[in-house]
file upload07.cif (mmCIF, C-alpha atoms)
data_model
loop_
_atom_site.label_atom_id
_atom_site.label_comp_id
_atom_site.auth_asym_id
_atom_site.auth_seq_id
_atom_site.Cartn_x
_atom_site.Cartn_y
_atom_site.Cartn_z
CA MET A 16 -22.30 20.83 5.92
CA ALA A 17 -19.84 23.44 7.10
CA SER A 18 -18.75 26.36 4.98
CA PRO A 19 -17.30 25.28 1.63
CA ASN A 20 -13.78 26.16 2.70
CA HIS A 21 -13.81 23.57 5.44
CA SER A 22 -15.68 20.69 3.89
CA LEU A 23 -13.89 18.45 1.45
CA GLN A 24 -14.58 19.08 -2.22
CA SER A 25 -14.22 16.43 -4.89
CA LYS A 26 -10.95 18.02 -5.87
CA ASP A 27 -9.59 17.61 -2.36
CA LEU A 28 -10.66 13.98 -2.27
CA ILE A 29 -8.96 13.23 -5.59
CA THR A 30 -5.77 15.03 -4.55
CA THR A 31 -5.76 13.05 -1.32
CA GLY A 32 -6.18 9.82 -3.27
CA ILE A 33 -3.25 10.59 -5.58
CA PHE A 34 -0.95 11.46 -2.69
CA SER A 35 -2.06 8.39 -0.74
CA THR A 36 -0.88 6.25 -3.64
CA LEU A 37 2.49 7.97 -3.60
CA PHE A 38 2.67 7.64 0.18
CA PHE A 39 1.92 3.93 0.01
CA ILE A 40 4.46 3.27 -2.74
CA VAL A 41 7.18 5.26 -0.98
CA THR A 42 6.43 3.37 2.24
CA MET A 43 6.61 0.02 0.46
CA VAL A 44 9.74 0.75 -1.59
CA SER A 45 11.69 2.15 1.34
CA GLY A 46 10.32 -0.18 4.00
CA MET A 47 9.98 -3.55 2.27
CA PHE A 48 13.69 -4.29 2.16
CA PHE A 49 14.00 -3.71 5.90
CA ALA A 50 10.70 -5.25 7.00
CA ALA A 51 11.53 -8.62 5.48
CA ASN A 52 14.65 -9.03 7.60
CA PRO A 53 14.23 -9.97 11.25
CA VAL A 54 17.02 -7.72 12.51
CA LEU A 55 16.85 -4.79 10.10
CA THR A 56 13.10 -4.66 10.62
CA PHE A 57 13.62 -2.35 13.58
CA LEU A 58 15.05 0.26 11.23
CA MET A 59 11.93 0.21 9.06
CA PRO A 60 9.93 2.99 10.80
CA ILE A 61 13.00 5.22 10.71
CA VAL A 62 13.58 4.79 6.99
CA VAL A 63 9.92 5.20 6.15
CA ALA A 64 9.66 8.37 8.24
CA LEU A 65 12.66 9.78 6.43
CA PHE A 66 11.26 9.24 2.95
CA THR A 67 7.56 9.95 3.32
CA GLY A 68 8.05 13.48 4.68
CA PRO A 69 7.89 15.42 1.39
CA VAL A 70 4.80 13.52 0.18
CA TYR A 71 2.92 14.12 3.42
CA LEU A 72 3.80 17.81 3.63
CA LEU A 73 2.92 18.53 0.03
CA MET A 74 -0.43 16.83 0.55
CA VAL A 75 -1.17 18.96 3.60
CA ALA A 76 -0.08 22.05 1.70
CA LYS A 77 -2.28 21.17 -1.28
CA VAL A 78 -5.33 20.34 0.82
CA PRO A 79 -5.15 22.46 3.98
CA LYS A 80 -8.12 20.82 5.71
CA ARG A 81 -8.79 18.29 8.44
CA GLY A 82 -9.76 15.35 6.24
CA PRO A 83 -6.70 14.39 4.17
CA THR A 84 -4.56 13.03 6.99
CA ILE A 85 -7.48 10.94 8.23
CA ILE A 86 -8.22 9.60 4.75
CA LEU A 87 -4.53 8.89 4.26
CA GLY A 88 -4.59 6.99 7.53
CA ILE A 89 -7.67 5.01 6.54
CA ILE A 90 -6.31 4.09 3.10
CA MET A 91 -2.90 3.14 4.48
CA GLY A 92 -4.58 1.13 7.22
CA LEU A 93 -6.77 -0.69 4.69
CA LEU A 94 -3.87 -1.48 2.37
CA MET A 95 -1.69 -2.62 5.27
CA PHE A 96 -4.47 -4.83 6.55
CA VAL A 97 -5.05 -6.38 3.13
CA THR A 98 -1.33 -7.12 2.79
CA GLY A 99 -1.48 -8.93 6.11
CA MET A 100 0.12 -6.59 8.63
CA PHE A 101 -0.69 -6.52 12.35
CA TRP A 102 -4.20 -5.12 12.81
CA LEU A 103 -3.24 -2.66 15.52
CA TRP A 104 -1.01 -0.97 12.99
CA SER A 105 -4.03 -0.18 10.80
CA VAL A 106 -5.88 1.24 13.79
CA ALA A 107 -2.83 3.35 14.63
CA TYR A 108 -2.76 4.75 11.10
CA VAL A 109 -6.31 6.03 11.46
CA LEU A 110 -5.91 7.37 15.01
CA LEU A 111 -2.61 9.11 14.32
CA GLY A 112 -4.10 10.51 11.12
CA ILE A 113 -6.83 12.15 13.18
CA ILE A 114 -4.33 13.48 15.73
CA ALA A 115 -2.00 14.79 13.03
CA GLY A 116 -4.92 16.55 11.37
CA GLU A 117 -5.88 18.25 14.63
CA ILE A 118 -2.31 19.39 15.25
CA SER A 119 -2.02 20.89 11.79
CA ALA A 120 -5.46 22.46 12.21
CA ALA A 121 -4.19 24.35 15.26
CA GLY A 122 -1.89 26.28 12.93
CA LYS A 123 -4.54 26.57 10.22
CA PHE A 124 -2.39 24.15 8.17
CA LYS A 125 0.07 26.93 7.34
CA SER A 126 2.40 26.59 10.30
CA VAL A 127 5.57 24.78 9.24
CA LYS A 128 6.30 23.80 12.82
CA LEU A 129 2.90 22.35 13.57
CA ASN A 130 2.76 20.48 10.27
CA THR A 131 6.16 19.02 11.03
CA LEU A 132 4.98 18.01 14.49
CA GLY A 133 1.88 16.42 12.98
CA PHE A 134 3.95 14.44 10.52
CA THR A 135 6.35 13.32 13.24
CA ILE A 136 3.48 11.94 15.28
CA PHE A 137 1.91 10.30 12.23
CA SER A 138 5.25 8.63 11.49
CA LEU A 139 5.18 6.83 14.80
CA ASN A 140 2.45 4.50 13.47
CA PRO A 141 4.59 1.36 12.94
CA ILE A 142 5.81 1.57 16.53
CA THR A 143 2.41 0.41 17.76
CA ALA A 144 2.93 -2.92 16.02
CA TYR A 145 6.49 -3.33 17.26
CA MET A 146 5.50 -2.30 20.77
CA MET A 147 3.69 -5.61 21.10
CA ILE A 148 7.06 -7.36 21.25
CA TRP A 149 7.66 -5.78 24.63
CA ILE A 150 4.12 -5.54 25.93
CA ASP A 151 2.72 -8.94 25.13
CA GLN A 152 5.29 -10.99 23.31
CA GLN A 153 3.43 -14.26 23.57
CA SER A 154 0.15 -13.24 21.99
CA PHE A 155 1.95 -11.17 19.36
CA LYS A 156 3.98 -14.22 18.49
CA GLU A 157 0.89 -16.38 18.24
CA TYR A 158 -0.80 -13.81 16.02
CA LEU A 159 2.17 -13.58 13.65
CA MET A 160 2.55 -17.34 13.57
CA SER A 161 -1.09 -17.70 12.61
CA LYS A 162 -0.48 -15.14 9.88
CA GLY A 163 2.26 -17.43 8.59
CA THR A 164 5.42 -15.77 9.81
CA GLN A 165 8.21 -18.31 10.19
CA GLN A 166 9.43 -19.51 13.55
CA ALA A 167 13.05 -18.73 12.62
CA TYR A 168 12.15 -15.16 11.68
CA LEU A 169 10.40 -14.59 14.99
CA ASP A 170 13.18 -16.16 17.01
CA SER A 171 15.85 -13.92 15.55
CA MET A 172 13.56 -10.92 15.72
CA PHE A 173 12.82 -11.42 19.42
CA GLN A 174 16.47 -12.12 20.05
CA ALA A 175 17.45 -8.84 18.44
CA ALA A 176 14.78 -6.99 20.39
CA GLN A 177 16.80 -5.75 23.35
CA ASP A 178 15.15 -3.42 25.84
CA TRP A 179 16.90 -0.33 24.50
CA ILE A 180 15.57 -0.90 21.00
CA LEU A 181 12.05 0.41 21.64
CA PRO A 182 13.09 3.85 22.96
CA GLY A 183 15.85 3.85 20.34
CA MET A 184 13.33 3.16 17.62
CA ILE A 185 11.00 5.90 18.85
CA ALA A 186 13.82 8.42 19.12
CA GLY A 187 15.21 7.40 15.75
CA THR A 188 11.83 7.71 14.10
CA ILE A 189 11.28 11.16 15.58
CA VAL A 190 14.70 12.35 14.40
CA ALA A 191 14.18 10.79 10.96
CA ALA A 192 10.72 12.32 10.67
CA LEU A 193 12.15 15.73 11.57
CA ILE A 194 14.86 15.36 8.94
CA GLY A 195 12.33 14.11 6.40
CA ALA A 196 10.03 17.01 7.17
CA PHE A 197 12.96 19.44 7.04
CA ILE A 198 13.87 18.20 3.55
CA GLY A 199 10.21 18.25 2.58
CA ASN A 200 9.75 21.83 3.72
CA LYS A 201 12.89 22.87 1.88
CA LEU A 202 11.66 21.20 -1.30
CA LEU A 203 8.30 22.92 -0.92
CA LYS A 204 9.96 26.32 -0.55
CA LYS A 205 12.52 25.78 -3.26
CA HIS A 206 10.31 24.29 -5.95
CA PHE A 207 6.62 24.20 -5.28
CA GLU A 208 5.84 27.56 -3.74
CA ARG A 209 7.88 29.31 -6.38
CA ALA A 210 6.11 27.47 -9.18
CA GLY A 211 2.75 28.23 -7.63
CA VAL A 212 1.74 24.58 -7.27
CA VAL A 213 0.84 24.99 -3.62
CA MET B 19 2.23 -3.38 -13.34
CA GLU B 20 2.28 -2.59 -17.03
CA SER B 21 0.50 -5.84 -17.61
CA ILE B 22 -2.41 -4.55 -15.56
CA LEU B 23 -2.87 -1.80 -18.08
CA VAL B 24 -2.78 -4.29 -20.94
CA ALA B 25 -5.17 -6.52 -19.09
CA ARG B 26 -7.53 -3.64 -18.52
CA GLU B 27 -8.06 -3.19 -22.27
CA ARG B 28 -8.80 -6.85 -22.74
CA SER B 29 -10.94 -7.19 -19.68
CA ARG B 30 -14.20 -7.51 -21.56
CA GLN B 31 -13.09 -10.61 -23.44
CA GLY B 32 -13.17 -12.79 -20.34
CA LEU B 33 -15.76 -15.50 -19.85
CA LEU B 34 -16.70 -14.24 -16.42
CA ARG B 35 -18.01 -10.87 -15.42
CA LEU B 36 -18.25 -10.48 -11.69
CA ASP B 37 -19.95 -7.87 -9.61
CA PRO B 38 -17.39 -5.67 -7.79
CA ARG B 39 -19.01 -6.62 -4.50
CA THR B 40 -18.37 -10.28 -5.24
CA LYS B 41 -14.75 -9.40 -5.98
CA LEU B 42 -14.42 -7.63 -2.64
CA SER B 43 -15.88 -10.59 -0.81
CA ILE B 44 -13.48 -12.94 -2.62
CA LEU B 45 -10.53 -10.75 -1.66
CA PHE B 46 -11.72 -10.71 1.93
CA THR B 47 -12.21 -14.48 1.97
CA SER B 48 -8.71 -15.01 0.56
CA ASN B 49 -7.22 -12.84 3.28
CA ILE B 50 -8.85 -14.97 5.93
CA MET B 51 -7.69 -18.10 4.11
CA VAL B 52 -4.07 -16.96 4.31
CA LEU B 53 -4.64 -16.33 8.01
CA LEU B 54 -6.11 -19.77 8.64
CA SER B 55 -4.00 -21.69 6.16
CA PRO B 56 -3.00 -25.14 7.44
CA GLY B 57 0.03 -25.39 5.18
CA LEU B 58 1.79 -25.03 1.88
CA PRO B 59 -0.36 -27.45 -0.20
CA TYR B 60 -3.45 -25.54 0.83
CA GLU B 61 -1.95 -22.28 -0.30
CA ILE B 62 -0.88 -23.76 -3.62
CA LEU B 63 -4.46 -24.90 -4.10
CA MET B 64 -5.58 -21.40 -3.32
CA ALA B 65 -3.12 -19.90 -5.83
CA ALA B 66 -4.40 -22.37 -8.42
CA LEU B 67 -7.96 -21.26 -7.79
CA ILE B 68 -6.90 -17.64 -8.19
CA LEU B 69 -5.09 -18.49 -11.43
CA LEU B 70 -8.26 -20.17 -12.71
CA LEU B 71 -10.29 -17.11 -11.76
CA GLY B 72 -7.79 -14.85 -13.53
CA LEU B 73 -7.93 -16.93 -16.69
CA LEU B 74 -11.72 -17.06 -16.66
CA CYS B 75 -11.88 -13.31 -16.19
CA GLY B 76 -9.69 -12.87 -19.24
CA VAL B 77 -6.53 -11.63 -17.50
CA TYR B 78 -4.20 -14.05 -19.26
CA ARG B 79 -0.73 -12.55 -19.35
CA TYR B 80 -0.71 -11.15 -15.86
CA SER B 81 -2.10 -14.32 -14.25
CA ILE B 82 0.40 -16.58 -15.99
CA LYS B 83 3.32 -14.28 -15.23
CA MET B 84 2.38 -14.08 -11.57
CA THR B 85 1.91 -17.85 -11.40
CA ILE B 86 5.42 -18.39 -12.75
CA VAL B 87 6.82 -16.02 -10.13
CA TYR B 88 4.80 -17.86 -7.47
CA PHE B 89 6.22 -21.16 -8.68
CA PHE B 90 9.75 -19.84 -8.26
CA LEU B 91 8.94 -18.55 -4.76
CA VAL B 92 7.63 -21.95 -3.71
CA ALA B 93 10.60 -23.70 -5.30
CA GLY B 94 12.93 -21.22 -3.60
CA GLN B 95 11.37 -21.92 -0.24
CA ILE B 96 11.56 -25.71 -0.57
CA LEU B 97 15.10 -25.80 -1.97
CA GLY B 98 16.28 -23.16 0.49
CA THR B 99 14.93 -25.08 3.44
CA LEU B 100 16.67 -28.21 2.24
CA TYR B 101 20.08 -26.88 1.26
CA PHE B 102 20.86 -23.65 3.11
CA ASP B 103 22.48 -23.49 6.52
CA ASP B 104 20.81 -21.76 9.46
CA VAL B 105 22.01 -18.20 8.93
CA LEU B 106 21.16 -18.08 5.24
CA ARG B 107 17.86 -19.72 5.98
CA VAL B 108 16.79 -17.03 8.41
CA PHE B 109 17.71 -14.23 6.06
CA LEU B 110 16.76 -15.58 2.63
CA VAL B 111 14.10 -18.20 3.19
CA THR B 112 12.10 -16.01 5.56
CA PHE B 113 12.17 -13.29 2.93
CA VAL B 114 10.89 -15.71 0.29
CA VAL B 115 8.21 -17.06 2.62
CA PHE B 116 7.17 -13.52 3.50
CA LEU B 117 6.69 -12.75 -0.20
CA ARG B 118 5.02 -16.06 -0.93
CA LYS B 119 2.49 -15.54 1.85
CA ILE B 120 1.17 -12.25 0.57
CA PHE B 121 1.61 -13.25 -3.07
CA PRO B 122 -1.74 -14.96 -3.79
CA CYS B 123 -3.65 -12.02 -2.37
CA ALA B 124 -1.52 -9.57 -4.33
CA MET B 125 -2.15 -11.60 -7.47
CA LEU B 126 -5.87 -11.66 -6.77
CA GLY B 127 -5.82 -7.93 -6.10
CA GLY B 128 -4.10 -7.31 -9.43
CA ILE B 129 -6.63 -9.44 -11.29
CA LEU B 130 -9.54 -7.72 -9.61
CA ILE B 131 -8.19 -4.24 -10.28
CA ALA B 132 -7.53 -5.17 -13.90
CA THR B 133 -11.09 -6.36 -14.47
CA THR B 134 -12.90 -3.63 -12.57
CA ARG B 135 -13.53 -0.33 -14.22
CA VAL B 136 -13.62 2.70 -11.99
CA ASN B 137 -17.27 3.50 -12.67
CA GLU B 138 -18.30 -0.04 -11.70
CA PHE B 139 -16.25 0.19 -8.53
CA MET B 140 -17.81 3.53 -7.62
CA ALA B 141 -21.32 2.28 -8.33
CA ALA B 142 -20.79 -0.84 -6.20
CA MET B 143 -19.34 1.21 -3.35
CA HIS B 144 -22.28 3.52 -3.62
CA LYS B 145 -24.65 0.59 -3.32
CA LEU B 146 -22.75 -0.52 -0.22
CA ARG B 147 -23.43 2.97 1.19
CA MET B 148 -19.78 3.78 1.72
CA PRO B 149 -19.19 7.50 2.39
CA ARG B 150 -18.03 9.55 -0.58
CA SER B 151 -14.99 10.86 1.25
CA ILE B 152 -13.60 7.32 1.43
CA VAL B 153 -14.77 5.97 -1.93
CA ILE B 154 -13.34 8.70 -4.14
CA PRO B 155 -9.81 8.71 -2.66
CA LEU B 156 -9.79 4.90 -2.62
CA ALA B 157 -10.83 4.66 -6.27
CA VAL B 158 -8.20 7.23 -7.22
CA THR B 159 -5.55 5.42 -5.18
CA LEU B 160 -6.18 2.09 -6.90
CA ARG B 161 -6.36 3.69 -10.32
CA TYR B 162 -3.17 5.72 -9.92
CA PHE B 163 -0.84 2.80 -9.09
CA PRO B 164 0.18 2.06 -12.69
CA GLY B 165 0.59 5.81 -13.19
CA VAL B 166 3.25 6.06 -10.51
CA ILE B 167 5.25 3.21 -12.03
CA GLU B 168 5.05 4.84 -15.45
CA GLU B 169 6.06 8.18 -13.97
CA TRP B 170 9.06 6.57 -12.31
CA ARG B 171 10.18 5.11 -15.66
CA HIS B 172 10.04 8.53 -17.30
CA ILE B 173 12.01 10.11 -14.48
CA ARG B 174 14.62 7.36 -14.64
CA ASP B 175 14.98 7.79 -18.39
CA SER B 176 15.41 11.52 -18.21
CA MET B 177 17.88 11.21 -15.33
CA ASN B 178 19.91 8.73 -17.34
CA LEU B 179 19.83 11.04 -20.35
CA ARG B 180 21.37 13.76 -18.23
CA GLY B 181 24.02 11.40 -16.92
CA LEU B 182 22.59 11.07 -13.40
CA SER B 183 22.81 7.68 -11.79
CA THR B 184 19.58 6.03 -10.76
CA SER B 185 21.20 2.93 -9.32
CA PHE B 186 21.27 2.04 -5.65
CA TRP B 187 24.98 2.86 -5.57
CA GLY B 188 24.40 6.27 -7.10
CA PHE B 189 21.77 6.89 -4.45
CA LEU B 190 24.26 6.04 -1.69
CA LYS B 191 26.85 8.39 -3.17
CA SER B 192 24.65 11.47 -3.14
CA PRO B 193 21.40 10.60 -1.37
CA ILE B 194 19.93 14.08 -0.98
CA LYS B 195 20.56 15.10 -4.57
CA THR B 196 19.18 11.87 -6.00
CA ALA B 197 16.13 12.05 -3.74
CA GLU B 198 15.49 15.61 -4.89
CA TYR B 199 15.80 14.65 -8.55
CA VAL B 200 13.30 11.84 -8.10
CA TYR B 201 10.90 13.53 -5.68
CA VAL B 202 10.44 16.89 -7.32
CA PRO B 203 9.19 15.67 -10.73
CA MET B 204 7.24 12.89 -9.06
CA LEU B 205 5.42 15.27 -6.73
CA PHE B 206 4.97 17.85 -9.47
CA SER B 207 3.30 15.37 -11.76
CA ALA B 208 1.18 14.06 -8.90
CA ALA B 209 -0.03 17.57 -8.16
CA LYS B 210 -0.71 18.19 -11.85
CA ILE B 211 -2.55 14.90 -12.33
CA ALA B 212 -4.65 15.64 -9.25
CA ASP B 213 -5.72 18.96 -10.77
CA GLU B 214 -6.45 17.50 -14.19
CA LEU B 215 -8.31 14.51 -12.80
CA SER B 216 -10.51 16.66 -10.59
CA ALA B 217 -11.30 18.95 -13.51
CA ALA B 218 -12.31 15.91 -15.55
CA ALA B 219 -14.31 14.41 -12.70
CA VAL B 220 -16.18 17.62 -11.99
CA THR B 221 -16.97 17.99 -15.69
CA ARG B 222 -18.43 14.51 -15.63
CA GLY B 223 -20.63 15.45 -12.74
CA ILE B 224 -18.98 13.88 -9.70
CA ASP B 225 -20.47 16.64 -7.56
CA ASN B 226 -24.00 15.86 -8.69
CA PRO B 227 -26.02 15.55 -5.49
CA LYS B 228 -28.60 13.24 -7.09
CA ILE B 229 -28.42 9.48 -6.64
CA ARG B 230 -25.63 8.01 -8.69
CA THR B 231 -26.57 5.95 -11.74
CA CYS B 232 -24.42 3.59 -13.78
CA VAL B 233 -24.74 2.41 -17.39
CA GLN B 234 -23.33 -0.93 -16.38
CA GLN B 235 -26.15 -2.82 -14.67
CA LEU B 236 -24.84 -4.17 -11.42
CA GLY B 237 -26.35 -7.33 -10.09
CA PHE B 238 -25.44 -10.75 -8.86
CA THR B 239 -25.55 -13.60 -11.35
CA ALA B 240 -24.96 -17.33 -11.10
CA ALA B 241 -21.28 -16.73 -11.87
CA ASP B 242 -20.98 -14.52 -8.80
CA GLY B 243 -22.49 -17.18 -6.61
CA LEU B 244 -20.28 -19.88 -8.09
CA CYS B 245 -17.02 -17.96 -7.63
CA ALA B 246 -17.83 -16.76 -4.13
CA GLY B 247 -18.99 -20.29 -3.36
CA CYS B 248 -15.70 -21.87 -4.51
CA PHE B 249 -13.68 -19.56 -2.30
CA MET B 250 -16.08 -20.11 0.58
CA VAL B 251 -15.74 -23.89 0.30
CA LEU B 252 -11.97 -23.58 0.36
CA LEU B 253 -12.20 -21.35 3.42
CA MET B 254 -14.52 -23.80 5.15
CA SER B 255 -12.13 -26.66 4.45
CA ALA B 256 -9.44 -24.70 6.29
CA LEU B 257 -11.76 -24.22 9.24
CA TRP B 258 -12.66 -27.91 9.19
CA ASN B 259 -9.07 -28.96 9.68
#
call {"tool": "encode", "arguments": {"input": "upload07.cif", "output": "structure tokens"}}
result
Amino acid sequence: MASPNHSLQSKDLITTGIFSTLFFIVTMVSGMFFAANPVLTFLMPIVVALFTGPVYLLMVAKVPKRGPTIILGIIMGLLMFVTGMFWLWSVAYVLLGIIAGEISAAGKFKSVKLNTLGFTIFSLNPITAYMMIWIDQQSFKEYLMSKGTQQAYLDSMFQAAQDWILPGMIAGTIVAALIGAFIGNKLLKKHFERAGVV
Amino acid sequence: MESILVARERSRQGLLRLDPRTKLSILFTSNIMVLLSPGLPYEILMAALILLLGLLCGVYRYSIKMTIVYFFLVAGQILGTLYFDDVLRVFLVTFVVFLRKIFPCAMLGGILIATTRVNEFMAAMHKLRMPRSIVIPLAVTLRYFPGVIEEWRHIRDSMNLRGLSTSFWGFLKSPIKTAEYVYVPMLFSAAKIADELSAAAVTRGIDNPKIRTCVQQLGFTAADGLCAGCFMVLLMSALWN
């Protein structure tokens, strides 16, 4: 085991668990409405990135260590897999969680800029699932069909998926994540640091 | 979600008591069943099996409520397919089908969470040799779900008392303000609960490096085999087709 400051204590694990719940619920509440519609579904990553910012940043501020983002990624990936999402998405959650943790670690978890960058990259996780529409439409379609997605849904989704949508979605998600992180950082400064919660 | 809390108190009255590992395997099997499902009748059969399991485990109100919702989803899908035109069908029926697909697993998940106490879950995970840094956050995550819903109700009440709108329209009118009013108390209470819960957990010896013990004897019984067997048979019948 490393020095106690770097390894995860029970308290850190519990805090991570609580914030993962919040993160999942915020993702579901903000994303569900969009994800269920074949055209609006492309807005889903953007909306989710916008709303999860404060939760993510407070978690990193509460537990300034490498683990939490990875655990968040694993739990989100598990829950997404159980609710029947594309498996690559779950993998992306874990991988981006690791990357985001490393980025934040570079600033010793105190750097607002690096934490924001980490969150922005973490927010790109749904893109990996959508990317399949452009990379390998046929096998993605077969996978979703076997998962029980309706033919009509897929048809209108693939119809709406113009070439410009993928870069648009990535750009939109990055901008939304930056705004979400900006609001999150402001909230942290205005309320949490002053109250001594962080 | 409130019903989960109610169900939790009554959980010991059920006829069946399953090992948490059996529950996990059932959940996993069900997920594969949804993946392999040959059609609607199969999934209704699956939902019926889950309802039976819920009733046997003593989760009455929640199971029946969820079954009624499931019934309406199925009815909505069938009627919608028959009577809606193409545009409506894409937007509404796909939404209903989307919900209906994940519904049996969600229902099963609710039943399993309601009948599993955290110590049992932890002990089972420990027996499966899962690492601590995954088990503890996962247990907390599952346990805290009803808490978030309750917290949201309190926030909504106090916002309404102060004359702040919590409706969708009110959110559109002043999104940043409304988000702040919801987020700040939500995050504050989450941070506070995290501190209190860890204090309680440490007091109860979560950091004890010795091998974990559990008052509840965990072990597979005939009931475990029977339940897992039923779900397995249903899964096999999907493969057979």
call {"tool": "resolve_selection", "arguments": {"input": "upload07.cif", "expression": "the PyMOL selection byres ((chain A) within 9 of (chain B))", "output": "MDAnalysis selection string"}}
result
chainID A and resid 23:37 40 51:53 66 69:70 73:74 77 82 86:87 89:90 97:99 161:165 167:168 171 198 202 206:207 212:213
call {"tool": "closest_residue", "arguments": {"input": "upload07.cif", "among": "A:Val41, A:Leu169, A:Leu203, A:Ile113", "to": "A:Phe134", "atoms": "all atoms listed in the file"}}
result
A:Ile113
call {"tool": "residues_near_point", "arguments": {"input": "upload07.cif", "point": "(-12.8, -14.0, -17.8)", "cutoff": "7 Å", "atoms": "all atoms listed in the file", "output": "list in words"}}
result
Gln31, Gly32, Leu33, Leu34, Arg35, Gly72, Leu73, Leu74, Cys75, Gly76 and Val77 of chain B
call {"tool": "resolve_selection", "arguments": {"input": "upload07.cif", "expression": "the PyMOL selection byres ((chain A and resi 109) around 8)", "output": "VMD selection string"}}
result
chain A and resid 85 to 89 92 105 to 108 110 to 113
call {"tool": "resolve_selection", "arguments": {"input": "upload07.cif", "expression": "the PyMOL selection byres ((chain A and resi 148) around 12)", "output": "JSON, numbers by chain"}}
result
{"A": [57, 101, 142, 143, 144, 145, 146, 147, 149, 150, 151, 152, 153, 154, 155, 156, 157, 158, 159, 169, 170, 172, 173, 174, 175, 176, 177, 178, 180, 181]}
call {"tool": "atom_distance", "arguments": {"input": "upload07.cif", "atom1": "atom CA of A:Pro60", "atom2": "atom CA of B:Trp170"}}
result
23.4 Å
call {"tool": "closest_residue", "arguments": {"input": "upload07.cif", "among": "A:Ile118, A:Ala192, A:Ala186, A:Ala76", "to": "A:Glu208", "atoms": "only C-alpha atoms"}}
result
A:Ala76
call {"tool": "closest_residue", "arguments": {"input": "upload07.cif", "among": "B:Leu63, B:Ala142, B:Glu168, B:Gly94", "to": "B:Phe238", "atoms": "only C-alpha atoms"}}
result
B:Ala142
call {"tool": "residues_around", "arguments": {"input": "upload07.cif", "residues": "B:Val251", "least_positions_apart": "3", "cutoff": "12 Å", "atoms": "only C-alpha atoms", "output": "list of chain:residue names"}}
result
B:Ile44, B:Thr47, B:Ser48, B:Met51, B:Met64, B:Leu67, B:Gly243, B:Leu244, B:Cys245, B:Ala246, B:Gly247, B:Cys248, B:Met254, B:Ser255, B:Ala256, B:Leu257, B:Trp258
call {"tool": "write_last_selection", "arguments": {"input": "upload07.cif", "atoms": "C-alpha atoms", "output": "tab-separated table (two decimals), in the frame of the given file"}}
result
chain	number	residue	atom	x	y	z
B	44	ILE	CA	-13.48	-12.94	-2.62
B	47	THR	CA	-12.21	-14.48	1.97
B	48	SER	CA	-8.71	-15.01	0.56
B	51	MET	CA	-7.69	-18.10	4.11
B	64	MET	CA	-5.58	-21.40	-3.32
B	67	LEU	CA	-7.96	-21.26	-7.79
B	243	GLY	CA	-22.49	-17.18	-6.61
B	244	LEU	CA	-20.28	-19.88	-8.09
B	245	CYS	CA	-17.02	-17.96	-7.63
B	246	ALA	CA	-17.83	-16.76	-4.13
B	247	GLY	CA	-18.99	-20.29	-3.36
B	248	CYS	CA	-15.70	-21.87	-4.51
B	254	MET	CA	-14.52	-23.80	5.15
B	255	SER	CA	-12.13	-26.66	4.45
B	256	ALA	CA	-9.44	-24.70	6.29
B	257	LEU	CA	-11.76	-24.22	9.24
B	258	TRP	CA	-12.66	-27.91	9.19
call {"tool": "residues_around", "arguments": {"input": "upload07.cif", "residues": "A:Arg81", "least_positions_apart": "4", "cutoff": "7 Å", "atoms": "only C-alpha atoms", "output": "CSV table (one decimal) with C-alpha atoms, keeping the file's coordinate frame"}}
result
chain,number,residue,atom,x,y,z
A,116,GLY,CA,-4.9,16.6,11.4
A,117,GLU,CA,-5.9,18.2,14.6
A,120,ALA,CA,-5.5,22.5,12.2
call {"tool": "residues_around", "arguments": {"input": "upload07.cif", "residues": "B:Ala141", "least_positions_apart": "2", "cutoff": "8 Å", "atoms": "all atoms listed in the file", "output": "ChimeraX atom specification"}}
result
/B:137-139,143-145,230-232,236
call {"tool": "atom_distance", "arguments": {"input": "upload07.cif", "atom1": "atom CA of B:Asp37", "atom2": "atom CA of B:Phe249"}}
result
15.1 Å
call {"tool": "residues_near_point", "arguments": {"input": "upload07.cif", "point": "(14.2, 9.9, 15.3)", "cutoff": "12 Å", "atoms": "only C-alpha atoms", "output": "MDAnalysis selection string"}}
result
chainID A and resid 58:65 135:136 138:139 142 181:196
call {"tool": "decode", "arguments": {"input": "upload07.cif", "residues": "stretch 194-199 of chain A", "atoms": "N, CA and C atoms", "output": "short mmCIF file (atom, residue, chain, number, x, y, z; two decimals), in the first residue's frame"}}
result
data_model
loop_
_atom_site.label_atom_id
_atom_site.label_comp_id
_atom_site.auth_asym_id
_atom_site.auth_seq_id
_atom_site.Cartn_x
_atom_site.Cartn_y
_atom_site.Cartn_z
N ILE A 194 -19.15 24.43 -20.11
CA ILE A 194 -20.14 25.26 -19.42
C ILE A 194 -20.54 24.60 -18.10
N GLY A 195 -20.80 23.27 -18.16
CA GLY A 195 -21.18 22.56 -16.95
C GLY A 195 -20.10 22.65 -15.88
N ALA A 196 -18.85 22.51 -16.31
CA ALA A 196 -17.75 22.60 -15.36
C ALA A 196 -17.59 24.02 -14.83
N PHE A 197 -17.84 25.01 -15.71
CA PHE A 197 -17.76 26.40 -15.29
C PHE A 197 -18.77 26.68 -14.19
N ILE A 198 -20.03 26.23 -14.43
CA ILE A 198 -21.07 26.40 -13.42
C ILE A 198 -20.69 25.64 -12.15
N GLY A 199 -20.19 24.42 -12.34
CA GLY A 199 -19.80 23.61 -11.19
C GLY A 199 -18.72 24.28 -10.35
#
